[in-house]
Structure formats: C-alpha cells, structure tokens
Number of protein chains: 2
Amino acid sequence: MEIIHTIEAIRQSVRQRCTEGKTIGLVPTMGALHAGHGSLIEAAAGECDFVVVSIFVNPTQFGLGEDLDKYPRTLETDAEFCEKLGADLIFAPSADEMYPSEQLTWVEVEKLTDGLCGANRPGHFKGVTTVCSKLFNIVGADVAFFGQKDAQQTAVIRRMVCDLNLPLEIRVCPIIREPDGLAMSSRNRYLSAEERKHALCLHRALTVCREQIAAGQRDTNSLIGTMEAVIEQDQAQIDYVGIVDAETLEPFEIVTDGALVALAIHVGPTRLIDNILIDLNNLPNIV
Amino acid sequence: MEIIHTIEAIRQSVRQRCTEGKTIGLVPTMGALHAGHGSLIEAAAGECDFVVVSIFVNPTQFGLGEDLDKYPRTLETDAEFCEKLGADLIFAPSADEMYPSEQLTWVEVEKLTDGLCGANRPGHFKGVTTVCSKLFNIVGADVAFFGQKDAQQTAVIRRMVCDLNLPLEIRVCPIIREPDGLAMSSRNRYLSAEERKHALCLHRALTVCREQIAAGQRDTNSLIGTMEAVIEQDQAQIDYVGIVDAETLEPFEIVTDGALVALAIHVGPTRLIDNILIDLNNLPNIV
C-alpha cells in the first residue's frame, strides 16, 4: 500500500490517473480505522476507479482540552486495512505539510454549525470545513465519502459543497455498529470495559425513540424526554439530545420524514455521538 | 462572442476544453470593462488555450450604502471588447444563479483584510473571497488574472489560494493608466469633468512619494504625511494612505523592497484607489 506524505506527490499521482480518465474517490479520515471507515472505502472502490484514503489528525478541528494529543495514531495497521478493502493510495500528510504557515483563510458554514456538536465544540466545524476544502482541492476528487455517524458534519459538508460550487459529489454511508449496537468510532478504544457497557445507553435511547415513533409518538419534546431518561439511568452525562431537520439541522417540534435524532454523551472522559435518520414508512431496527 | 449564463453550461463547456487538453484562463470581472481588464484578457489569451471572462456584479462584496445598484452594467459592449482582445467565452450569471439559496458558507482571510480598504468596507473581502472561490470552482481555471490596482485584493486572493491549496495559479498584471496618470477603473465613469480633475491628486501623491523615495527618503511617516498634504490641497477626502508589506499588508516604518504604497480617497461620492509597488533598484515613472 503506497503511502504519500506530500501535497506535491499526491497531486502528481492523481493527475496521472486523471489523464488516464479515471474517476477519483476520496475517503477523508483521521486514521484509527474501523469497520465504519471500511464501509466508506468499499463504497469508494465500488464507485470510483482510484481511491485515496486521507489519514490526517487535523489539529484545527480540536478545541482546547480536547483529545488531539491522545487521538490514536495507527498508520501501519491502517495501511494494511486500506489495502484489504481496495484503496489505491494513502495520503498521510504531516501537520506542517497541511499548515506550512499560519492559516489565515477559513471556510465556515453559518447556522448549521451553531447547534448540536457545534454548541459545545466552538471552532470544531470551522476546522473541519477548512481541512476538507484543502483535502478536496489537493486530491481533486470526483466523489468524497463520509459516514452518517457524523450527521452534523455531513450536513455541513454538503452545504459547503453546494454553496461554494465545489466540483465533487458527496456520498454519505450508513452507520456501522458493533453486534451489541454501539456505533463504530475511533474513540471507542478510549473506553474501559465498564465504560463500554455504559456507552450502550446511546443505542438504547435511540431504540426506545424508534419504538415510540413506530407506536405513533410524534411529539419531539416527549421523545427527547424519554431518551434523556434512558441516558440518565446510566453512568453517562448528556451533552445533547436533539430531533432536527437532517438537512438544515433546525429543531423539529413534530417528527416527520427527514428528521435526525442525534445524541451526544460523555462516558467518563470520552465523548460519544450517535444518531438515526427517520423515514416514517421504513423504521428498521437499529443494527 | 458566446455568453453563458448558467453554471451547468459553463461547466460543460469548460469540461469539453479540458478533455481536449486545453489550459483554461479566467479573468474575473464585474463588467464595465476598460483597458485595465483588457490587459488581463490579453495576458490570459497569451498564456492559456481557452479564456473565460466572468462578468458578475457580486452583491455580497458591496456594503450598505455602497454603489451596488448604480454599478455600471454594459454587457453588450463588454462582449464586443472581450471578443476583440481574444477571450473565448463570457460567463455572466445572474445573482440568483450564483446565490440560489441563502449563502451560509463563507471563505474569509484573516489579518490581511483588517486594514486599508478592509477597515472601511466591512464584509467586502469576505464577499470577494467567497465569490472568487465559487468562480474558481465553477470554471475550473488553471490560471486566474487580477489587476494590481486592487492591490489588497490580490494579496488576499493569493493568500486564499495558498492557504486552501486551490489548484490554480494567480497572475497579477500592472495597473493601466489614462494618459494623465489616472488609474483605469470602472468607477471613473461616475466622475464629473470637475471631479475627474480632482481625482488626479491620487497620481500626484504617488508621484511625489516615488520622487522622495528616489531622492533617498525611507521614513514612511514622512512619506505618508507628504502624500496626505498633496491630497488635502485638492477637493478630495482621504480614506487611507498606507505604506505596507505588499504580501502581508503589515505597515512598514522604513521603505524597503516589496513595499506597497496604497491610497484611497473620495472625490465627491466616488471612492477611488491607486497604488505603487516599490522596487528600490527600479523606480520608473508612474505611467
């Protein structure tokens, strides 16, 4: 598996493939890859001729006191994983390569970044949209693949692509879960065995919400209250519980199609998120 | 001269040229074209295989009370002018085409936009960088051409391209002047015959500054004072007189190579700007 560290080299490599008429797929990641990323790489390999996985723990999307320093870095095993799943190239730049001088230019999406994760992680999405702009521009991808687990991120990136007329398409792939329902996340490896059990309250809360919606409940305040109660019974601290429009992220009073039920909690020092998208005609179990 | 109004059509047209292996040059303008724009189109035609001139009076870069509504719109004569100078295509979108829904995504360059024109035109450069990002993304240009007259704009755009790894090159072409020294500007047509005379104080101030530098003066405060005195003798109001680093736009105390001497004044209701770049080994007359 070829790993490229410089912008010049990745551009040259991709330009070569473009000349050959190949379509380029990009899977932007921070590494510590798991089956969730795996599903993105497989989707990219299925749709595109040439698949680049970027692995970059982007410092500008971490706030003060967040886990930038301890974020897992596992490039060797990530590379083996990428190769197995059909990626063609890894782009793993250093922070100095991505930010060689003071970054003065920022891409920001208003409104969509105010609530949910944005409310408690000031500057996070500014870092995400800026680094994604940079990665899109560097790789020149035709299609980029993101996971639905970061639901707000996908809404923000889609809006950015639309507003800035970026010449690429965004694909969002479903959440991949552990057998017991915990959504795959690189941060799951922070959890002790005990915390791992408490983390399941995310899935329990979403499952109860889904059941109540299936039973006809449409009042979001009631649903939110129920989910909060489920989480509060466990050893977890609620960051937010929201039911919003999946595209605009504006709160819904009544559940309708296109609603996003999104949760964030702290289990010990670890922050975890999860969500479900509501299609009233099709409410499968959350697996 | 083909004029294209939609994003879809311009993308299709340019994609066709890219497939043919042609390099694409973009000259972004707000129309009301003059010989300054002409020099950009000629430079583009000299360097690139296919030249797109965009003509779009971008509402997001005008502030409240500025001249958005009265800004001259002269598409027919602009088209003839473009054809003569070797452009291949005009992209003239409507505001609705460029901003079909509320623009939530903004590209901003910090620091470089604080002073000079940025100080008295809040939001102006945010509009410029955002619309230029959009135009670059829509047209997929290999090279974009800007005029040195908008010196701060060129510094800001260059920084944006660098910070966001935009896959295009920026060329900056020299200021084109009327025979009496007035820098070409679409806004010159706002000037009455009387105001047109007063506008020459810009050129007079820059000429005096150049002469004093040629005579050995290096103290920027002294040079700024001299220029202010020249302008105050005339019927013009100073917006700013600055001597800054042409790249970082930070004020210089001592004139060195790479200094930008930049002026903005109001003559009646019309705001005019002008500047010179300092190369101490080569201080030609300002013509």
# chains A, B, ... in the order shown; residues from 1 in each chain; ligands from 1
>>> interface_residues(of="chain B", to="chain A", cutoff="10 Å", atoms="only C-alpha atoms", output="ChimeraX atom specification")
/B:7,11,19,21,98-112,129-140,156-157,159-168
>>> residues_around(residues="Asp274 in chain A", least_positions_apart="2", cutoff="8 Å", atoms="only C-alpha atoms", output="VMD selection string")
chain A and resid 149 to 150 183 202 to 203 262 to 264 272 276
>>> write_last_selection(atoms="C-alpha atoms", output="short mmCIF file (atom, residue, chain, number, x, y, z; two decimals), in the first residue's frame")
data_model
loop_
_atom_site.label_atom_id
_atom_site.label_comp_id
_atom_site.auth_asym_id
_atom_site.auth_seq_id
_atom_site.Cartn_x
_atom_site.Cartn_y
_atom_site.Cartn_z
CA LYS A 149 -22.36 8.75 12.23
CA ASP A 150 -21.08 12.33 12.00
CA ALA A 183 -21.76 2.78 16.72
CA LEU A 202 -26.81 5.69 23.32
CA HIS A 203 -28.15 2.75 21.37
CA ALA A 262 -28.97 12.94 17.35
CA LEU A 263 -27.31 12.31 20.70
CA ALA A 264 -24.00 13.18 22.30
CA LEU A 272 -19.54 9.73 22.03
CA ILE A 276 -30.77 7.79 13.49
#
>>> select_by_dssp(residues="range 30-186 of chain A", states="helix (DSSP H, G or I)", output="VMD selection string")
chain A and resid 35 to 47 59 to 61 75 to 85 95 to 98 117 to 120 124 to 139 151 to 163 186
>>> closest_residue(among="A:Asn221, A:Thr23, A:Gln212, A:Asn188", to="Ala45 in chain A", atoms="only C-alpha atoms")
A:Thr23
>>> residues_around(residues="Glu247 in chain A", least_positions_apart="6", cutoff="10 Å", atoms="only C-alpha atoms", output="tab-separated table (two decimals) with N, CA and C atoms, in the first residue's frame")
chain	number	residue	atom	x	y	z
A	112	LEU	N	-25.82	26.09	10.43
A	112	LEU	CA	-25.78	24.63	10.61
A	112	LEU	C	-24.76	24.21	11.66
A	151	ALA	N	-23.38	13.01	11.68
A	151	ALA	CA	-24.53	13.51	10.92
A	151	ALA	C	-24.43	15.02	10.68
A	152	GLN	N	-24.02	15.76	11.70
A	152	GLN	CA	-23.93	17.21	11.53
A	152	GLN	C	-22.82	17.54	10.53
A	154	THR	N	-21.84	15.77	8.03
A	154	THR	CA	-22.27	15.52	6.65
A	154	THR	C	-23.19	16.63	6.15
A	155	ALA	N	-24.08	17.13	7.01
A	155	ALA	CA	-24.96	18.23	6.60
A	155	ALA	C	-24.14	19.48	6.30
A	156	VAL	N	-23.14	19.74	7.12
A	156	VAL	CA	-22.30	20.93	6.95
A	156	VAL	C	-21.47	20.82	5.67
A	158	ARG	N	-22.06	18.95	3.02
A	158	ARG	CA	-22.94	19.03	1.85
A	158	ARG	C	-23.30	20.48	1.54
A	159	ARG	N	-23.59	21.23	2.58
A	159	ARG	CA	-23.96	22.63	2.37
A	159	ARG	C	-22.76	23.41	1.81
A	258	GLY	N	-37.30	12.75	7.31
A	258	GLY	CA	-36.14	13.63	7.20
A	258	GLY	C	-35.69	14.16	8.55
A	259	ALA	N	-36.29	13.66	9.62
A	259	ALA	CA	-35.83	14.06	10.96
A	259	ALA	C	-34.56	13.29	11.31
A	260	LEU	N	-33.69	13.97	12.00
A	260	LEU	CA	-32.47	13.36	12.52
A	260	LEU	C	-32.57	13.35	14.04
>>> residues_around(residues="Thr74 in chain A", least_positions_apart="3", cutoff="12 Å", atoms="only C-alpha atoms", output="list in words")
Met30, Gly31, Ala32, Leu33, His34, Ile55, Phe56, Val57, Lys70, Tyr71, Thr77, Asp78, Ala79, Glu80, Phe81, Ala92 and Ser186 of chain A
>>> atom_distance(atom1="CA of His266 in chain B", atom2="CA of Glu250 in chain B")
23.2 Å
>>> select_by_dssp(residues="range 137-248 of chain A", states="strand (DSSP E or B)", output="list in words")
Val143, Ala144, Phe145, Phe146, Gly147, Glu169, Ile170, Arg171, Val172, Cys173, Arg177, Ala183, Asp219, Gln237, Ile238, Asp239, Tyr240, Val241, Gly242, Ile243, Val244 and Asp245 of chain A
>>> closest_residue(among="B:Cys48, B:Glu42, B:Arg73, B:Leu249", to="Arg17 in chain B", atoms="only C-alpha atoms")
B:Cys48
